[in-house]
file final-v2.cif (mmCIF, C-alpha atoms)
data_my_file
#
loop_
_atom_site.label_atom_id
_atom_site.label_comp_id
_atom_site.auth_asym_id
_atom_site.auth_seq_id
_atom_site.Cartn_x
_atom_site.Cartn_y
_atom_site.Cartn_z
CA MET R 1 -10.89 -98.46 105.17
CA LEU R 2 -9.31 -97.19 108.38
CA ALA R 3 -6.63 -95.26 106.48
CA ALA R 4 -9.28 -93.57 104.33
CA LEU R 5 -11.39 -92.81 107.40
CA LEU R 6 -8.49 -91.28 109.33
CA ILE R 7 -7.18 -89.11 106.51
CA VAL R 8 -10.61 -87.85 105.44
CA PHE R 9 -11.48 -87.19 109.10
CA ARG R 10 -8.28 -85.20 109.56
CA GLU R 11 -8.77 -83.00 106.50
CA VAL R 12 -12.50 -82.47 107.10
CA LEU R 13 -11.74 -81.55 110.71
CA GLU R 14 -9.13 -79.00 109.65
CA ALA R 15 -11.55 -77.28 107.28
CA GLY R 16 -14.49 -77.86 109.65
CA LEU R 17 -12.84 -76.04 112.56
CA ILE R 18 -12.54 -72.96 110.35
CA VAL R 19 -16.18 -73.28 109.26
CA GLY R 20 -17.28 -73.68 112.90
CA ILE R 21 -15.50 -70.52 114.00
CA VAL R 22 -16.80 -68.59 110.99
CA LEU R 23 -20.35 -69.70 111.76
CA ALA R 24 -20.01 -68.59 115.37
CA ALA R 25 -18.44 -65.27 114.33
CA THR R 26 -21.32 -64.50 111.98
CA ARG R 27 -24.05 -65.34 114.44
CA GLY R 28 -26.94 -62.94 114.06
CA ILE R 29 -26.14 -61.86 110.52
CA ALA R 30 -28.95 -62.56 108.06
CA ALA R 31 -28.33 -64.96 105.14
CA ARG R 32 -25.08 -66.25 106.62
CA GLY R 33 -26.18 -69.86 106.13
CA ALA R 34 -26.55 -69.40 102.38
CA TRP R 35 -23.22 -67.62 102.05
CA ILE R 36 -21.27 -70.14 104.07
CA ALA R 37 -22.93 -73.08 102.33
CA GLY R 38 -22.04 -71.34 99.06
CA GLY R 39 -18.46 -71.03 100.26
CA ILE R 40 -18.32 -74.75 101.01
CA GLY R 41 -19.84 -75.55 97.60
CA VAL R 42 -17.36 -73.37 95.72
CA GLY R 43 -14.54 -74.92 97.76
CA VAL R 44 -15.60 -78.48 96.86
CA LEU R 45 -15.89 -77.55 93.17
CA GLY R 46 -12.53 -75.80 93.31
CA ALA R 47 -10.94 -78.84 94.94
CA ALA R 48 -12.21 -81.06 92.13
CA VAL R 49 -10.86 -78.67 89.48
CA LEU R 50 -7.59 -78.24 91.35
CA THR R 51 -6.90 -81.97 91.44
CA LEU R 52 -7.24 -82.10 87.64
CA PHE R 53 -4.41 -79.57 87.38
CA ALA R 54 -2.36 -80.88 90.31
CA GLY R 55 0.48 -81.98 88.05
CA THR R 56 0.57 -78.71 86.11
CA LEU R 57 0.43 -76.69 89.30
CA SER R 58 3.27 -78.71 90.78
CA ASP R 59 5.55 -77.89 87.84
CA ALA R 60 4.78 -74.14 87.91
CA PHE R 61 7.27 -71.66 89.42
CA SER R 62 10.13 -74.02 88.53
CA GLY R 63 8.80 -76.83 90.73
CA ALA R 64 7.63 -74.66 93.62
CA GLY R 65 4.04 -74.31 92.35
CA GLN R 66 2.43 -76.08 95.29
CA GLU R 67 4.24 -73.93 97.82
CA VAL R 68 3.44 -70.68 96.02
CA PHE R 69 -0.20 -71.70 95.52
CA ASN R 70 -0.62 -72.63 99.20
CA ALA R 71 1.06 -69.41 100.31
CA VAL R 72 -1.21 -67.32 98.06
CA VAL R 73 -4.37 -69.12 99.21
CA LEU R 74 -3.39 -68.76 102.88
CA SER R 75 -2.49 -65.08 102.42
CA ILE R 76 -5.87 -64.30 100.86
CA ALA R 77 -7.55 -66.04 103.81
CA VAL R 78 -5.44 -64.01 106.26
CA ILE R 79 -6.45 -60.74 104.58
CA MET R 80 -10.14 -61.72 104.59
CA LEU R 81 -10.03 -62.75 108.28
CA GLY R 82 -8.20 -59.56 109.19
CA TRP R 83 -10.70 -57.48 107.29
CA HIS R 84 -13.58 -59.22 109.06
CA ASN R 85 -12.04 -58.61 112.48
CA ILE R 86 -11.54 -54.91 111.86
CA TRP R 87 -15.06 -54.68 110.47
CA MET R 88 -16.43 -56.46 113.54
CA ALA R 89 -14.61 -54.05 115.83
CA ARG R 90 -16.79 -51.35 114.30
CA HIS R 91 -20.07 -53.24 113.98
CA GLY R 92 -19.92 -56.08 116.50
CA ARG R 93 -21.56 -54.20 119.35
CA GLU R 94 -24.22 -52.83 117.02
CA ILE R 95 -25.10 -56.36 115.84
CA ALA R 96 -25.15 -57.74 119.38
CA GLU R 97 -27.41 -54.92 120.62
CA GLN R 98 -29.80 -55.19 117.69
CA MET R 99 -30.02 -58.94 118.23
CA LYS R 100 -30.91 -58.46 121.86
CA VAL R 101 -33.69 -56.07 120.87
CA VAL R 102 -35.05 -57.86 117.81
CA GLY R 103 -34.17 -61.37 118.89
CA ALA R 104 -33.51 -62.33 115.28
CA ALA R 105 -30.89 -62.01 112.58
CA VAL R 106 -29.98 -58.49 111.52
CA SER R 107 -29.34 -57.44 107.96
CA VAL R 108 -26.07 -55.54 108.47
CA GLY R 109 -22.88 -57.42 107.76
CA ALA R 110 -23.39 -58.71 104.24
CA ARG R 111 -19.94 -57.43 103.24
CA SER R 112 -18.25 -59.24 106.09
CA LEU R 113 -20.05 -62.40 104.97
CA HIS R 114 -18.42 -62.18 101.54
CA ALA R 115 -14.99 -62.13 103.15
CA LEU R 116 -15.74 -65.06 105.45
CA ALA R 117 -17.43 -67.11 102.71
CA THR R 118 -14.19 -66.71 100.75
CA VAL R 119 -12.20 -67.98 103.76
CA VAL R 120 -14.50 -71.02 104.00
CA ALA R 121 -14.18 -71.69 100.26
CA LEU R 122 -10.36 -71.52 100.43
CA ALA R 123 -10.18 -73.81 103.47
CA VAL R 124 -12.45 -76.38 101.83
CA LEU R 125 -10.48 -76.03 98.59
CA ARG R 126 -7.14 -76.84 100.23
CA GLU R 127 -8.27 -79.72 102.43
CA GLY R 128 -10.72 -81.03 99.83
CA ALA R 129 -8.00 -81.27 97.20
CA GLU R 130 -5.91 -83.35 99.60
CA VAL R 131 -8.83 -85.69 100.25
CA VAL R 132 -9.51 -86.17 96.54
CA LEU R 133 -5.85 -86.77 95.69
CA PHE R 134 -5.49 -89.21 98.55
CA LEU R 135 -8.63 -91.20 97.74
CA TYR R 136 -7.68 -91.20 94.06
CA GLY R 137 -4.22 -92.46 95.00
CA ILE R 138 -5.67 -95.37 96.96
CA ALA R 139 -8.33 -96.10 94.35
CA VAL R 140 -5.92 -96.35 91.40
CA SER R 141 -3.50 -98.51 93.34
CA GLY R 142 -6.41 -100.96 93.33
CA LYS R 143 -5.79 -102.42 96.78
CA GLN R 144 -9.19 -101.39 98.06
CA GLY R 145 -12.58 -101.50 96.45
CA TRP R 146 -14.64 -98.39 95.85
CA ALA R 147 -17.22 -99.46 98.43
CA THR R 148 -14.82 -99.62 101.38
CA LEU R 149 -13.18 -96.42 100.20
CA LEU R 150 -16.48 -94.57 100.03
CA LEU R 151 -17.57 -95.97 103.38
CA GLY R 152 -14.31 -94.92 105.04
CA GLY R 153 -14.45 -91.50 103.40
CA GLY R 154 -18.10 -91.03 104.35
CA LEU R 155 -17.45 -91.92 108.00
CA GLY R 156 -14.46 -89.57 107.97
CA ILE R 157 -16.60 -86.70 106.71
CA LEU R 158 -19.28 -87.41 109.32
CA GLY R 159 -16.72 -87.57 112.13
CA GLY R 160 -14.99 -84.35 111.08
CA ALA R 161 -18.31 -82.55 110.69
CA LEU R 162 -19.49 -83.76 114.10
CA VAL R 163 -16.42 -82.43 115.94
CA SER R 164 -16.71 -79.10 114.10
CA PHE R 165 -20.40 -78.91 115.01
CA LEU R 166 -19.55 -79.51 118.68
CA LEU R 167 -17.04 -76.66 118.55
CA TYR R 168 -19.71 -74.41 117.05
CA ARG R 169 -22.27 -75.37 119.71
CA GLY R 170 -19.70 -74.72 122.41
CA LEU R 171 -18.99 -71.28 121.00
CA VAL R 172 -22.60 -70.18 120.55
CA ALA R 173 -23.33 -71.13 124.16
CA ILE R 174 -21.35 -67.99 125.01
CA PRO R 175 -23.67 -64.96 125.52
CA ILE R 176 -23.82 -62.89 122.34
CA GLY R 177 -22.23 -59.81 123.91
CA ARG R 178 -19.08 -61.73 124.78
CA LEU R 179 -19.20 -64.15 121.82
CA PHE R 180 -17.81 -61.66 119.31
CA ARG R 181 -14.87 -60.86 121.57
CA VAL R 182 -14.07 -64.58 121.81
CA THR R 183 -14.45 -65.20 118.06
CA GLY R 184 -12.41 -62.04 117.43
CA TRP R 185 -9.49 -63.54 119.33
CA LEU R 186 -9.98 -66.96 117.74
CA ILE R 187 -9.96 -65.42 114.27
CA ALA R 188 -6.89 -63.28 115.06
CA LEU R 189 -4.94 -66.36 116.20
CA MET R 190 -6.22 -68.43 113.28
CA ALA R 191 -5.16 -65.71 110.81
CA ALA R 192 -1.72 -65.46 112.45
CA GLY R 193 -1.36 -69.25 112.23
CA MET R 194 -2.26 -69.20 108.54
CA ALA R 195 0.22 -66.39 107.89
CA SER R 196 2.97 -68.36 109.62
CA GLN R 197 2.11 -71.44 107.51
CA ALA R 198 2.19 -69.28 104.39
CA VAL R 199 5.73 -68.05 105.07
CA ALA R 200 6.82 -71.61 105.90
CA PHE R 201 5.71 -72.59 102.38
CA LEU R 202 7.70 -69.70 100.91
CA VAL R 203 10.80 -70.79 102.85
CA LYS R 204 10.40 -74.30 101.42
CA ALA R 205 10.14 -72.78 97.94
CA ASP R 206 13.40 -70.94 98.67
CA LEU R 207 11.73 -67.54 98.27
CA LEU R 208 12.19 -66.41 101.89
CA PRO R 209 14.95 -66.91 104.45
CA SER R 210 14.05 -69.06 107.48
CA TRP R 211 15.80 -66.91 110.13
CA GLY R 212 16.53 -70.06 112.10
CA ASP R 213 15.18 -73.42 110.96
CA GLU R 214 14.19 -74.69 114.38
CA ILE R 215 13.77 -72.13 117.14
CA TRP R 216 12.48 -74.75 119.56
CA ASP R 217 11.31 -78.37 119.49
CA THR R 218 8.15 -79.37 121.36
CA SER R 219 7.46 -82.47 119.27
CA TRP R 220 8.10 -84.61 122.38
CA LEU R 221 5.21 -82.82 124.10
CA LEU R 222 2.75 -82.53 121.22
CA SER R 223 3.60 -83.76 117.74
CA GLU R 224 2.34 -81.63 114.88
CA GLY R 225 1.27 -84.80 113.06
CA SER R 226 -1.09 -86.05 115.79
CA ILE R 227 -4.81 -85.26 115.67
CA ALA R 228 -4.48 -82.90 118.65
CA GLY R 229 -1.44 -81.25 117.05
CA ARG R 230 -3.24 -80.79 113.75
CA THR R 231 -6.30 -79.40 115.52
CA LEU R 232 -4.19 -76.83 117.33
CA LYS R 233 -2.39 -76.08 114.06
CA ALA R 234 -5.68 -75.29 112.32
CA LEU R 235 -6.97 -73.26 115.28
CA VAL R 236 -3.96 -71.24 116.44
CA GLY R 237 -1.16 -72.24 114.05
CA TYR R 238 0.67 -74.63 116.37
CA THR R 239 4.03 -75.80 115.02
CA ASP R 240 6.27 -78.12 117.02
CA ARG R 241 9.48 -76.83 115.42
CA PRO R 242 8.86 -73.25 114.26
CA MET R 243 11.18 -71.27 112.00
CA GLY R 244 12.27 -67.80 113.09
CA VAL R 245 10.42 -66.11 110.25
CA GLN R 246 7.21 -67.91 111.27
CA LEU R 247 7.37 -66.49 114.79
CA VAL R 248 8.02 -62.98 113.51
CA VAL R 249 5.10 -63.09 111.05
CA TYR R 250 2.80 -64.64 113.67
CA LEU R 251 3.47 -61.85 116.15
CA ILE R 252 3.13 -59.15 113.48
CA VAL R 253 -0.31 -60.44 112.37
CA VAL R 254 -1.64 -60.75 115.93
CA ALA R 255 -0.34 -57.27 116.80
CA ALA R 256 -1.73 -55.75 113.58
CA LEU R 257 -5.20 -57.22 114.16
CA VAL R 258 -5.36 -56.29 117.85
CA ILE R 259 -4.06 -52.75 117.29
CA GLY R 260 -6.19 -52.33 114.16
CA ALA R 261 -9.35 -53.35 116.00
CA ARG R 262 -8.51 -50.99 118.89
CA LEU R 263 -7.96 -48.05 116.54
CA VAL R 264 -11.24 -48.64 114.71
CA HIS R 265 -13.07 -49.17 117.97
CA SER R 266 -11.85 -45.97 119.58
CA ALA R 267 -12.68 -43.81 116.57
CA PRO R 268 -16.17 -44.88 115.46
CA SER R 269 -17.34 -41.53 114.07
CA THR R 270 -14.45 -40.96 111.65
CA THR R 271 -14.57 -44.42 110.13
CA ARG R 272 -17.58 -43.81 107.94
CA PRO R 273 -16.41 -41.25 105.40
CA ARG R 274 -19.24 -41.94 102.92
CA ALA R 275 -21.99 -41.57 105.47
CA SER R 276 -20.52 -38.39 106.91
CA ILE R 277 -20.13 -36.77 103.48
CA HIS R 278 -23.80 -37.31 102.75
CA ALA R 279 -24.81 -36.15 106.18
CA SER R 280 -22.76 -32.96 105.99
CA GLN R 281 -24.25 -31.89 102.68
CA PRO R 282 -26.96 -29.27 103.11
CA MET L 1 -25.71 -52.77 88.28
CA SER L 2 -28.97 -52.32 90.13
CA LEU L 3 -30.76 -53.55 87.01
CA ALA L 4 -28.67 -56.70 86.99
CA VAL L 5 -29.57 -57.32 90.59
CA LYS L 6 -33.27 -56.90 89.82
CA ILE L 7 -33.28 -59.13 86.76
CA GLY L 8 -30.81 -61.77 87.84
CA GLY L 9 -31.79 -61.92 91.45
CA HIS L 10 -29.30 -61.94 94.27
CA GLY L 11 -27.99 -65.44 93.74
CA MET L 12 -27.18 -65.03 90.06
CA PHE L 13 -25.45 -61.72 90.58
CA ALA L 14 -23.35 -63.24 93.35
CA ASP L 15 -22.35 -66.14 91.10
CA GLU L 16 -21.18 -63.75 88.42
CA VAL L 17 -19.11 -61.81 90.91
CA LEU L 18 -17.54 -65.03 92.17
CA LEU L 19 -16.77 -66.19 88.63
CA LEU L 20 -15.26 -62.82 87.80
CA ARG L 21 -13.16 -62.96 90.94
CA ALA L 22 -11.96 -66.45 90.07
CA VAL L 23 -10.94 -65.27 86.58
CA LEU L 24 -9.14 -62.29 88.12
CA ILE L 25 -7.32 -64.53 90.61
CA ILE L 26 -6.17 -66.86 87.81
CA LYS L 27 -4.95 -63.85 85.80
CA LYS L 28 -3.10 -62.56 88.84
CA LEU L 29 -1.53 -65.98 89.42
CA VAL L 30 -0.24 -65.98 85.85
CA ILE L 31 1.18 -62.50 86.38
CA ILE L 32 2.77 -63.58 89.68
CA ASN L 33 4.27 -66.60 87.95
CA ASP L 34 5.92 -64.38 85.32
CA TRP L 35 7.00 -61.97 88.01
CA VAL L 36 8.60 -64.66 90.17
CA THR L 37 10.43 -66.13 87.18
CA LYS L 38 11.68 -62.66 86.19
CA LEU L 39 12.65 -61.86 89.74
CA ARG L 40 14.51 -65.12 90.04
CA THR L 41 16.56 -64.53 86.89
CA ARG L 42 17.16 -60.91 87.80
CA LEU L 43 18.09 -61.68 91.38
CA SER L 44 20.11 -64.79 90.67
CA GLY L 45 23.29 -62.71 90.17
CA PRO L 46 23.12 -60.56 93.31
CA LEU L 47 21.62 -63.40 95.33
CA PHE L 48 24.49 -65.61 94.31
CA MET L 49 26.94 -63.00 95.60
CA VAL L 50 25.03 -62.63 98.86
CA GLY L 51 24.79 -66.37 99.12
CA MET L 52 28.54 -66.69 98.65
CA LEU L 53 29.18 -64.13 101.33
CA VAL L 54 26.52 -64.88 103.92
CA ALA L 55 25.66 -68.53 103.53
CA ALA L 56 28.13 -70.26 101.28
CA GLN L 57 27.00 -73.61 102.63
CA ALA L 58 23.50 -73.08 101.21
CA LEU L 59 24.81 -73.29 97.66
CA ALA L 60 27.44 -75.92 98.23
CA ALA L 61 24.95 -78.69 98.96
CA GLU L 62 24.53 -81.49 96.45
CA PRO L 63 20.82 -82.32 96.01
CA VAL L 64 19.48 -85.49 97.60
CA LYS L 65 17.82 -87.51 94.85
CA LEU L 66 15.05 -89.99 95.61
CA THR L 67 13.05 -92.14 93.23
CA LEU L 68 9.70 -93.81 93.81
CA LYS L 69 9.06 -97.00 91.85
CA ASN L 70 6.47 -99.73 92.47
CA ASN L 71 5.35 -97.67 95.47
CA ARG L 72 8.79 -97.99 97.09
CA PHE L 73 11.82 -95.75 97.38
CA VAL L 74 14.50 -97.22 95.11
CA SER L 75 17.21 -96.32 97.63
CA PRO L 76 15.43 -95.96 100.97
CA ALA L 77 18.54 -95.04 102.99
CA VAL L 78 20.32 -91.83 102.01
CA THR L 79 22.89 -89.64 103.72
CA ALA L 80 23.29 -85.88 103.49
CA PRO L 81 25.51 -83.28 105.13
CA ALA L 82 24.18 -81.76 108.36
CA GLY L 83 24.27 -78.05 109.06
CA GLU L 84 23.45 -76.79 105.60
CA ARG L 85 20.42 -76.04 103.51
CA LEU L 86 19.43 -79.17 101.63
CA ARG L 87 17.67 -79.63 98.33
CA ILE L 88 15.66 -82.84 98.01
CA GLU L 89 14.45 -84.01 94.61
CA VAL L 90 11.87 -86.78 94.42
CA GLU L 91 10.88 -88.45 91.19
CA ASN L 92 7.73 -90.52 91.00
CA GLN L 93 8.11 -93.17 88.29
CA ASP L 94 4.79 -94.82 89.16
CA PRO L 95 1.53 -94.32 87.26
CA THR L 96 -0.09 -93.47 90.63
CA PRO L 97 0.15 -90.18 92.50
CA ALA L 98 2.27 -89.92 95.63
CA GLU L 99 2.76 -87.52 98.51
CA PHE L 100 6.27 -87.11 99.82
CA GLU L 101 5.85 -86.62 103.53
CA SER L 102 8.06 -86.36 106.57
CA SER L 103 7.11 -84.93 109.92
CA ASP L 104 10.80 -85.09 110.89
CA LEU L 105 11.72 -82.87 107.94
CA ARG L 106 8.42 -80.95 108.00
CA VAL L 107 7.60 -81.73 104.38
CA GLU L 108 4.28 -82.66 102.81
CA LYS L 109 4.22 -82.42 99.04
CA PHE L 110 2.11 -84.00 96.34
CA ILE L 111 3.83 -85.69 93.36
CA ALA L 112 1.83 -86.34 90.20
CA PRO L 113 2.20 -89.70 88.42
CA GLY L 114 5.50 -89.53 86.56
CA GLY L 115 6.20 -86.17 88.19
CA ARG L 116 9.16 -84.72 90.03
CA ILE L 117 9.28 -82.30 92.94
CA ILE L 118 11.97 -80.25 94.64
CA VAL L 119 11.82 -79.24 98.27
CA MET L 120 14.20 -77.28 100.47
CA VAL L 121 14.86 -78.40 104.06
CA GLY L 122 17.31 -77.77 106.85
CA PRO L 123 19.93 -76.89 107.89
CA LEU L 124 19.58 -80.22 109.72
CA LYS L 125 21.14 -81.35 112.95
CA PRO L 126 23.05 -84.64 112.73
CA GLY L 127 20.61 -87.51 113.11
CA SER L 128 18.13 -89.65 111.21
CA TYR L 129 14.99 -88.34 109.56
CA LYS L 130 12.17 -90.64 108.46
CA PHE L 131 10.23 -89.96 105.28
CA PHE L 132 7.45 -91.81 103.43
CA ASP L 133 4.84 -91.67 100.69
CA GLU L 134 1.63 -90.83 102.48
CA TYR L 135 -0.42 -92.79 99.96
CA HIS L 136 1.67 -95.94 100.47
CA PRO L 137 3.00 -95.61 104.01
CA ASP L 138 3.41 -99.37 104.49
CA THR L 139 5.80 -99.88 101.54
CA ALA L 140 7.30 -96.53 100.57
CA VAL L 141 9.40 -95.60 103.61
CA GLY L 142 12.95 -94.34 103.93
CA ILE L 143 15.46 -92.69 106.23
CA LEU L 144 17.70 -89.71 105.58
CA THR L 145 20.78 -89.58 107.79
CA ALA L 146 22.32 -86.18 108.31
CA VAL L 147 26.05 -86.47 108.99
CA ALA L 148 28.20 -83.72 110.46
CA LYS L 149 30.99 -82.63 108.13
CA PRO L 150 34.52 -83.38 109.31
CA GLU L 151 36.37 -80.16 110.17
#
call {"tool": "encode", "arguments": {"input": "final-v2.cif", "output": "C-alpha cells"}}
result
Amino acid sequence: MLAALLIVFREVLEAGLIVGIVLAATRGIAARGAWIAGGIGVGVLGAAVLTLFAGTLSDAFSGAGQEVFNAVVLSIAVIMLGWHNIWMARHGREIAEQMKVVGAAVSVGARSLHALATVVALAVLREGAEVVLFLYGIAVSGKQGWATLLLGGGLGILGGALVSFLLYRGLVAIPIGRLFRVTGWLIALMAAGMASQAVAFLVKADLLPSWGDEIWDTSWLLSEGSIAGRTLKALVGYTDRPMGVQLVVYLIVVAALVIGARLVHSAPSTTRPRASIHASQP
Amino acid sequence: MSLAVKIGGHGMFADEVLLLRAVLIIKKLVIINDWVTKLRTRLSGPLFMVGMLVAAQALAAEPVKLTLKNNRFVSPAVTAPAGERLRIEVENQDPTPAEFESSDLRVEKFIAPGGRIIVMVGPLKPGSYKFFDEYHPDTAVGILTAVAKPE
C-alpha cells in the first residue's frame, strides 16, 4: 500500500502544482473553475485512453514513441503557457484594476483560460497515465489486493491535492496587484523547465544532440528523484545533471517570455489591430 | 457559428471544439510520425558521414541488451564502454508491464507486456549505474558498469 501511496502522491503532486499555479494565475477571471475542472476531466479521460495504446505508442517512431509523445505534449504546454504570459502582460493590470473596483470575477480572459485549461489537461494526462500504468502493473502482478491498492491510491491523491491546495492558498494570499507578477514569473520558469524536459526527451530519442551530457552534478545536494527534487522539477525544471542543450533551451524560453511580455507591455495601443481598425473607420 | 452557440449552449460548443482539436492533434501526430521516419531515412546518409567525422564513438557502440523475465533482469550485471553514446535495449518477456528506470542514467521508460524499448544514454563516466523496474523495484534490479577503454 505504501508503494502505491507514494507513487500516486508523487504524480498527483506534479500535476497538482501546475493546477495550483494555473488557478492562482487565473484569479479573477469568470468561469475559470469550470474550464480548469474541464481540463482535469479531459486529462483523466486522455490518460485512460493513452494507457490502452501505451504499447502501440511505445513502438511508434522506431521505438522512440514515448519520447516523441512526451516532447510534443510538453512543447504544446510551453506554447500555451507562453501565450498566456504574453496575454497577461497586456491584460493583467486591467483585470486587477477591475477586480478592485467590482470586487468580483471579470469576464475578460476567456481565451487565456482555453490555453491554461489545455495545459492542465496535458499535465493530468501525462501524470495520470503513469499512475494508471503503475497501478495496473501492481494489480496484475497480483501481490496486492484491489482494496489496499485503491486505499493507497486514494490517500496518494488526497495528499497530492492537499499540498497543491496549500500552494494555491499561499499564492492567493498575495495582493492581486502583485499576484500576477509572481504567477507570471512562476509560469515563465515552469514553461522553461518543461521546454528543457522536452529537449531531454528528444536527446534520448537520438533526435537532438546533447551538447554535453552532464554540465554539472548536484545530485549530492538535491537528488532529482526525491520528493523535493521532483517538486522543484515540476515548478522550475530542476535537473541534478543537466545536458548542455537543456540549459540553452531553458535560457532561451525564459528570455523570450520576459522580453515578449516587456514588448507587449510597453506598446499597449498597437497590440489590438482589430479594435483599432474598427475604431478608425468613419 | 453564433447559431451553434445559441442552440448547443456554451458547454456543448466547447466540447466540439475540444474533440475537433483532439482529432487535429492525432492527425498531426501521424503526419509528424511519417515526417520523422522520412527525415531519418533521408538524413541517415549525411548523418552517418557527420557521425563518422565528428563523433565516431557514437556509432561504434554495441547496444547493451537487457531482458526482464519473472520480474527480474536475466543478467543483472552488465558492462559497457565509458565515454561514448550508449544504446540500451530492454525486452520485457513478462505478461505484466514494466518501467525501466534509473536515476543514475536519467532514464524512465514504460515497457508494455512483451514489449521492447530502446533508449540512448551517455557518454558515461567510468563507474557503476543502478537501474531497476519501477513496478518491481524489490526484485528487478541491476547494475551497469561503465569501463574506460584501454588506450
call {"tool": "atom_distance", "arguments": {"input": "final-v2.cif", "atom1": "CA of Arg111 (chain R)", "atom2": "CA of Trp83 (chain R)"}}
result
10.1 Å
call {"tool": "residues_around", "arguments": {"input": "final-v2.cif", "residues": "Lys130 (chain L)", "least_positions_apart": "3", "cutoff": "9 Å", "atoms": "all atoms listed in the file", "output": "PyMOL selection string"}}
result
chain L and resi 101-105+141-145
call {"tool": "write_last_selection", "arguments": {"input": "final-v2.cif", "atoms": "C-alpha atoms", "output": "compact mmCIF listing (two decimals), in the frame of the given file"}}
result
# COMPACT_ATOMS: atom_id res chain seq x y z
CA GLU L 101 5.85 -86.62 103.53
CA SER L 102 8.06 -86.36 106.57
CA SER L 103 7.11 -84.93 109.92
CA ASP L 104 10.80 -85.09 110.89
CA LEU L 105 11.72 -82.87 107.94
CA VAL L 141 9.40 -95.60 103.61
CA GLY L 142 12.95 -94.34 103.93
CA ILE L 143 15.46 -92.69 106.23
CA LEU L 144 17.70 -89.71 105.58
CA THR L 145 20.78 -89.58 107.79
call {"tool": "resolve_selection", "arguments": {"input": "final-v2.cif", "expression": "the PyMOL selection byres ((chain R and resi 87) around 12)", "output": "PyMOL selection string"}}
result
chain R and resi 25-26+80-86+88-95+108-113+115-116+180+184+257+260-265+268+271-272
call {"tool": "closest_atom_pairs", "arguments": {"input": "final-v2.cif", "of": "chain L", "to": "chain R", "cutoff": "8 Å", "atoms": "only C-alpha atoms", "output": "tab-separated table"}}
result
residue	atom	partner	partner_atom	distance
L:Asn33	CA	R:Phe61	CA	6.1
L:Val36	CA	R:Phe61	CA	7.2
L:Thr37	CA	R:Phe61	CA	6.8
L:Thr96	CA	R:Gly137	CA	6.1
L:Pro97	CA	R:Gly137	CA	5.5
L:Ala98	CA	R:Gly137	CA	7.0
L:Ser103	CA	R:Gly225	CA	6.6
L:Lys109	CA	R:Gln66	CA	7.6
L:Phe110	CA	R:Ser58	CA	7.8
L:Ile111	CA	R:Gly55	CA	7.3
L:Ala112	CA	R:Gly55	CA	5.0
L:Pro113	CA	R:Gly55	CA	7.9
L:Gly115	CA	R:Gly55	CA	7.1
L:Arg116	CA	R:Gly63	CA	7.9
L:Ile117	CA	R:Gly63	CA	5.9
L:Ile118	CA	R:Gly63	CA	6.1
L:Val119	CA	R:Lys204	CA	6.0
L:Met120	CA	R:Lys204	CA	4.9
L:Val121	CA	R:Lys204	CA	6.6
L:Gly122	CA	R:Asp213	CA	6.4
L:Pro123	CA	R:Asp213	CA	6.6
L:Tyr135	CA	R:Gly137	CA	6.3
call {"tool": "resolve_selection", "arguments": {"input": "final-v2.cif", "expression": "the PyMOL selection byres ((chain R and resi 167) around 10)", "output": "list of chain:residue names"}}
result
R:Gly16, R:Leu17, R:Val19, R:Gly20, R:Ile21, R:Ala24, R:Ala161, R:Leu162, R:Val163, R:Ser164, R:Phe165, R:Leu166, R:Tyr168, R:Arg169, R:Gly170, R:Leu171, R:Val172
call {"tool": "resolve_selection", "arguments": {"input": "final-v2.cif", "expression": "the PyMOL selection byres ((chain L and resi 146) around 8)", "output": "PyMOL selection string"}}
result
chain L and resi 79-82+124-129+144-145+147-148
call {"tool": "residues_around", "arguments": {"input": "final-v2.cif", "residues": "Phe73 (chain L)", "least_positions_apart": "5", "cutoff": "10 Å", "atoms": "all atoms listed in the file", "output": "PDB file with C-alpha atoms, keeping the file's coordinate frame"}}
result
ATOM      1  CA  LEU L  66      15.050 -89.990  95.610  1.00  0.00           C
ATOM      2  CA  THR L  67      13.050 -92.140  93.230  1.00  0.00           C
ATOM      3  CA  LEU L  68       9.700 -93.810  93.810  1.00  0.00           C
ATOM      4  CA  VAL L  90      11.870 -86.780  94.420  1.00  0.00           C
ATOM      5  CA  GLU L  91      10.880 -88.450  91.190  1.00  0.00           C
ATOM      6  CA  ASN L  92       7.730 -90.520  91.000  1.00  0.00           C
ATOM      7  CA  PHE L 131      10.230 -89.960 105.280  1.00  0.00           C
ATOM      8  CA  PHE L 132       7.450 -91.810 103.430  1.00  0.00           C
ATOM      9  CA  ASP L 133       4.840 -91.670 100.690  1.00  0.00           C
ATOM     10  CA  THR L 139       5.800 -99.880 101.540  1.00  0.00           C
ATOM     11  CA  ALA L 140       7.300 -96.530 100.570  1.00  0.00           C
ATOM     12  CA  VAL L 141       9.400 -95.600 103.610  1.00  0.00           C
ATOM     13  CA  GLY L 142      12.950 -94.340 103.930  1.00  0.00           C
TER      14      GLY L 142
END
call {"tool": "atom_distance", "arguments": {"input": "final-v2.cif", "atom1": "CA of Ala198 (chain R)", "atom2": "CA of Leu74 (chain R)"}}
result
5.8 Å
call {"tool": "atom_distance", "arguments": {"input": "final-v2.cif", "atom1": "CA of Thr231 (chain R)", "atom2": "CA of Glu127 (chain R)"}}
result
13.2 Å
call {"tool": "axis_aligned_box", "arguments": {"input": "final-v2.cif", "around": "region 67-73 of chain L", "padding_each_side": "3 Å", "output": "AutoDock Vina command-line options"}}
result
--center_x 9.2 --center_y -95.9 --center_z 94.6 --size_x 13.7 --size_y 13.6 --size_z 11.5
call {"tool": "build_atoms", "arguments": {"input": "final-v2.cif", "residues": "region 220-224 of chain R", "atoms": "N, CA and C atoms", "output": "short mmCIF file (atom, residue, chain, number, x, y, z; two decimals), in the coordinates of the input"}}
result
data_model
loop_
_atom_site.label_atom_id
_atom_site.label_comp_id
_atom_site.auth_asym_id
_atom_site.auth_seq_id
_atom_site.Cartn_x
_atom_site.Cartn_y
_atom_site.Cartn_z
N TRP R 220 8.20 -83.60 121.32
CA TRP R 220 8.10 -84.61 122.38
C TRP R 220 6.83 -84.40 123.19
N LEU R 221 6.38 -83.15 123.29
CA LEU R 221 5.21 -82.82 124.10
C LEU R 221 3.93 -83.00 123.29
N LEU R 222 3.92 -82.42 122.09
CA LEU R 222 2.75 -82.53 121.22
C LEU R 222 3.24 -82.52 119.77
N SER R 223 3.13 -83.67 119.12
CA SER R 223 3.60 -83.76 117.74
C SER R 223 2.61 -83.07 116.81
N GLU R 224 3.16 -82.36 115.83
CA GLU R 224 2.34 -81.63 114.88
C GLU R 224 1.50 -82.59 114.03
#
